[in-house]
Structures are given as structure tokens and as C-alpha cells.
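S.K.: Right, I'll just put the structure down here and ask away after.
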Amino acid sequence: MKQPRYWAVVPAAGIGKRMGADRPKQYLPLLEQPVIAHTLARLCAVEKITQVVVAVAPGDPWWSKLSLPEKVHAVDGGAERCFSVLNALDALQERAAADDWVLVHDAARPCIRHADIEHLINRLADHPVGGLLAMPVRDTMKRGDAENQVTATVNRENLWHALTPQMFRFAALRHALSHALDNQQLVTDEAQAMELVQATPVLVQGHSDNLKITHPQDLPLAAWYLSQQSIDT
């Protein structure tokens, strides 16, 4: 039986308004390289990944300035994450088999550990659905109203922070995203799309240093994580 291949998809068409910067957050400097350069280097270092498809905004002026690994291929992204991922899957359609695996990873998560990607791949290799890296919630959770007043304390038992990569079979993920969009549901991650077609993704515990750069204070923290990881290895 032919072994499934592994493909990575990186949605990178967002503008990152919360950073308040002069460019999308994936192009901000981090240890003398753009954030996305670290992210792509981590994915390309995984031997099992055949290709990394990056969905970038049409006319993106920063993308062409990057020095890219051979594994990386770009396609046009969309207005929302789900459109970008679906565009990338469409670009892979002629090469990917239905049961190949797709790992979708945020462009602004440059600290993903190689060991966590390998753990995700190995943990889900024989699973019928797939799953995602995640971290159990540690803090007390509060629900607030429109004026940021507490309305309830939420039981944190069995609550997880969803991370990336999120890994699903090619055909199943493409169907799930298409189904969500056909029903006017702009899902915020791939696991949500799978849930909408009654699939049950697996939560695979990763590490908390796999942070998503969202606010200015995240950049120095990411730099510290990267420096610590390089020391550890």
C-alpha cells in the first residue's frame, strides 16, 4: 500500500492590524529575519514534508524579497484564513492523493518545535480523522459581556488552547472547508471545519512556546524562545 505524503499549508495573507506596524506581522523582523522566514525554515526542516504551500495576499510587496527554501511554493490567498487554505489545497489537487496529510500552520508561529511536528505526525499516522497541537488551559476562565464585565466563571476542565499545525487528510479537509463556505460559515481554524462535518479531531499536546505573534510584546518573547531553543539543541 502506498504511503501517504505530507504537505504543509501556511495561510499568510493577513495584515495583522493588532500589531499596529507598517507591514503584516509575518514580515516583522525577528532575530534579523522576517517572522515567516523562521516559520518556513522550521517546516522545511521536517524531512517528511514534501512541499510547503504559502497563501499570500495578491500583490504582496514583501514576499518577493524573501530568500526561500526550494520546498516553498506560493499561491494567492483570500480575505479570510479558510479561503487561503482552500486556495492552497486547490493548488495541490493535481499532486496530492486523497489520503495524503496536510499540516496547516500559522505564518506567525515561528517557534514551533521540530519535535512537536514529528510528534503530531507520529501520533496521528493511523488516525482516520487527524487532529491538532494544543495546550490544556491552566488559568481560571472568565466570560465577559460587551463592557468587559464578568458574567460567568467557566469550568476549565477539558478546555484546550488550539495551536498549529493542524493535520488532516487532504480530501477530507478540502471537503470540510468547502462545506463550511457553502454554508456561509467562516471557520477560524481547520479543526472547526472538520467538526462541522461531524468529524472528531484529536488534541495532541504541544508546548506553550509555540506562541502566535499577535501583539507587539510577543516579538521579544518569541526572540527569547528561539534563543532558548537554539541553546537546548
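Naming works like this for the C-alpha cells: A, B, ... for the chains as they're shown, residue 1 at the start of each chain, ligands 1 onward in shown order.
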Among segment 173-205 of chain A, which ones does DSSP assign to helix (DSSP H, G or I) (computed from the backbone)? Answer as a ChimeraX atom specification.
M.R.: /A:173-182,190-196
S.K.: Restrict the selected residues to all heavy atoms and save them as a compact mmCIF listing (two decimals), in the first residue's frame.
M.R.:
# COMPACT_ATOMS: atom_id res chain seq x y z
N LEU A 173 -10.19 17.38 4.39
CA LEU A 173 -10.08 18.79 4.77
C LEU A 173 -10.64 19.69 3.67
O LEU A 173 -11.35 20.67 3.96
CB LEU A 173 -8.61 19.13 5.03
CG LEU A 173 -8.33 20.60 5.39
CD1 LEU A 173 -9.13 21.03 6.61
CD2 LEU A 173 -6.83 20.81 5.61
N ARG A 174 -10.35 19.36 2.43
CA ARG A 174 -10.88 20.17 1.31
C ARG A 174 -12.41 20.14 1.31
O ARG A 174 -13.06 21.16 1.12
CB ARG A 174 -10.31 19.64 0.00
CG ARG A 174 -10.55 20.55 -1.20
CD ARG A 174 -9.62 20.15 -2.34
NE ARG A 174 -9.86 20.99 -3.50
CZ ARG A 174 -10.67 20.67 -4.51
NH1 ARG A 174 -11.31 19.51 -4.50
NH2 ARG A 174 -10.84 21.49 -5.53
N HIS A 175 -12.97 18.95 1.54
CA HIS A 175 -14.43 18.83 1.60
C HIS A 175 -15.00 19.63 2.77
O HIS A 175 -16.02 20.32 2.62
CB HIS A 175 -14.83 17.36 1.73
CG HIS A 175 -16.27 17.16 2.12
ND1 HIS A 175 -17.32 17.40 1.27
CD2 HIS A 175 -16.83 16.77 3.32
CE1 HIS A 175 -18.46 17.17 1.90
NE2 HIS A 175 -18.19 16.79 3.14
N ALA A 176 -14.36 19.55 3.93
CA ALA A 176 -14.86 20.22 5.12
C ALA A 176 -14.84 21.74 4.95
O ALA A 176 -15.79 22.43 5.32
CB ALA A 176 -14.04 19.81 6.34
N LEU A 177 -13.77 22.27 4.39
CA LEU A 177 -13.70 23.72 4.18
C LEU A 177 -14.72 24.18 3.14
O LEU A 177 -15.37 25.21 3.32
CB LEU A 177 -12.28 24.11 3.74
CG LEU A 177 -11.21 24.06 4.83
CD1 LEU A 177 -9.82 24.20 4.22
CD2 LEU A 177 -11.44 25.14 5.88
N SER A 178 -14.87 23.42 2.07
CA SER A 178 -15.86 23.75 1.05
C SER A 178 -17.27 23.72 1.64
O SER A 178 -18.10 24.59 1.36
CB SER A 178 -15.76 22.78 -0.13
OG SER A 178 -14.51 22.88 -0.76
N HIS A 179 -17.53 22.72 2.46
CA HIS A 179 -18.84 22.60 3.11
C HIS A 179 -19.12 23.81 4.01
O HIS A 179 -20.22 24.36 4.00
CB HIS A 179 -18.87 21.31 3.94
CG HIS A 179 -20.12 21.14 4.76
ND1 HIS A 179 -20.21 21.60 6.07
CD2 HIS A 179 -21.33 20.58 4.47
CE1 HIS A 179 -21.40 21.33 6.54
NE2 HIS A 179 -22.10 20.72 5.60
N ALA A 180 -18.12 24.23 4.78
CA ALA A 180 -18.29 25.38 5.66
C ALA A 180 -18.60 26.64 4.86
O ALA A 180 -19.52 27.40 5.19
CB ALA A 180 -17.04 25.58 6.51
N LEU A 181 -17.85 26.87 3.80
CA LEU A 181 -18.05 28.07 2.99
C LEU A 181 -19.38 28.02 2.24
O LEU A 181 -20.04 29.05 2.09
CB LEU A 181 -16.88 28.26 2.03
CG LEU A 181 -15.54 28.55 2.71
CD1 LEU A 181 -14.42 28.65 1.68
CD2 LEU A 181 -15.61 29.84 3.53
N ASP A 182 -19.77 26.85 1.77
CA ASP A 182 -21.07 26.71 1.11
C ASP A 182 -22.22 27.06 2.06
O ASP A 182 -23.30 27.47 1.62
CB ASP A 182 -21.26 25.28 0.59
CG ASP A 182 -20.39 24.98 -0.62
OD1 ASP A 182 -19.87 25.93 -1.23
OD2 ASP A 182 -20.22 23.78 -0.94
N GLU A 190 -8.99 24.90 10.98
CA GLU A 190 -9.35 23.73 10.20
C GLU A 190 -10.12 22.70 11.04
O GLU A 190 -11.00 22.00 10.53
CB GLU A 190 -8.09 23.09 9.60
CG GLU A 190 -7.39 23.98 8.58
CD GLU A 190 -6.81 25.23 9.19
OE1 GLU A 190 -6.13 25.13 10.24
OE2 GLU A 190 -7.04 26.34 8.64
N ALA A 191 -9.78 22.61 12.32
CA ALA A 191 -10.48 21.68 13.19
C ALA A 191 -11.97 22.01 13.26
O ALA A 191 -12.82 21.12 13.28
CB ALA A 191 -9.86 21.71 14.59
N GLN A 192 -12.29 23.30 13.27
CA GLN A 192 -13.70 23.70 13.31
C GLN A 192 -14.42 23.24 12.04
O GLN A 192 -15.57 22.78 12.11
CB GLN A 192 -13.82 25.21 13.47
CG GLN A 192 -15.26 25.69 13.62
CD GLN A 192 -15.39 27.21 13.71
OE1 GLN A 192 -14.41 27.93 13.53
NE2 GLN A 192 -16.59 27.68 13.97
N ALA A 193 -13.76 23.35 10.90
CA ALA A 193 -14.37 22.87 9.65
C ALA A 193 -14.62 21.37 9.72
O ALA A 193 -15.68 20.89 9.30
CB ALA A 193 -13.45 23.20 8.47
N MET A 194 -13.68 20.63 10.27
CA MET A 194 -13.86 19.18 10.40
C MET A 194 -15.00 18.86 11.36
O MET A 194 -15.79 17.93 11.12
CB MET A 194 -12.56 18.53 10.88
CG MET A 194 -11.38 18.69 9.94
SD MET A 194 -11.63 17.92 8.31
CE MET A 194 -11.62 16.19 8.77
N GLU A 195 -15.11 19.62 12.43
CA GLU A 195 -16.19 19.41 13.39
C GLU A 195 -17.57 19.59 12.73
O GLU A 195 -18.52 18.89 13.05
CB GLU A 195 -16.05 20.38 14.56
CG GLU A 195 -14.83 20.14 15.44
CD GLU A 195 -14.50 21.36 16.29
OE1 GLU A 195 -15.44 22.01 16.79
OE2 GLU A 195 -13.31 21.68 16.42
N LEU A 196 -17.65 20.55 11.80
CA LEU A 196 -18.93 20.84 11.14
C LEU A 196 -19.42 19.69 10.26
O LEU A 196 -20.60 19.62 9.93
CB LEU A 196 -18.82 22.13 10.33
CG LEU A 196 -18.70 23.42 11.15
CD1 LEU A 196 -18.44 24.60 10.23
CD2 LEU A 196 -19.94 23.67 11.99
S.K.: Using DSSP secondary structure from the backbone, list all strand (DSSP E or B) positions within segment 12-89 of chain A, as a count of residues only.
M.R.: 18
S.K.: Just how far from atom CA of Gly131 of chain A is atom CA of Glu47 of chain A, in Å to one decimal?
M.R.: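 Taking atom CA of Glu47 of chain A as the start and atom CA of Gly131 of chain A as the end point, the length is 20.1 Å.
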S.K.: Identify, on the basis of only C-alpha atoms, every residue whose closest approach to Ala74 of chain A does not exceed 7 Å; exclude the query and any residue fewer than 3 positions from it along the same chain; express the result as a PyMOL selection string.
M.R.: chain A and resi 53-56
S.K.: Using only C-alpha atoms, which residue out of A:Trp63, A:Leu89, A:Leu28, A:Lys48 lies closest to Arg169 of chain A?
M.R.: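 Of all the options, A:Leu89 lies closest to Arg169 of chain A.
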S.K.: Leaving out Asn210 of chain A and any residue of its chain fewer than 2 positions from it, which residues lie within 9 Å of it when counting only C-alpha atoms, given as an NGL selection string?
M.R.: :A and (109-113 or 163-164 or 206-208 or 212 or 222 or 225)
S.K.: Looking at A:Leu133, A:Leu226, A:Leu203, A:Val187, which one is nearest to Leu86 of chain A, with distances taken over only C-alpha atoms?
M.R.: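 Closest candidate: A:Val187.
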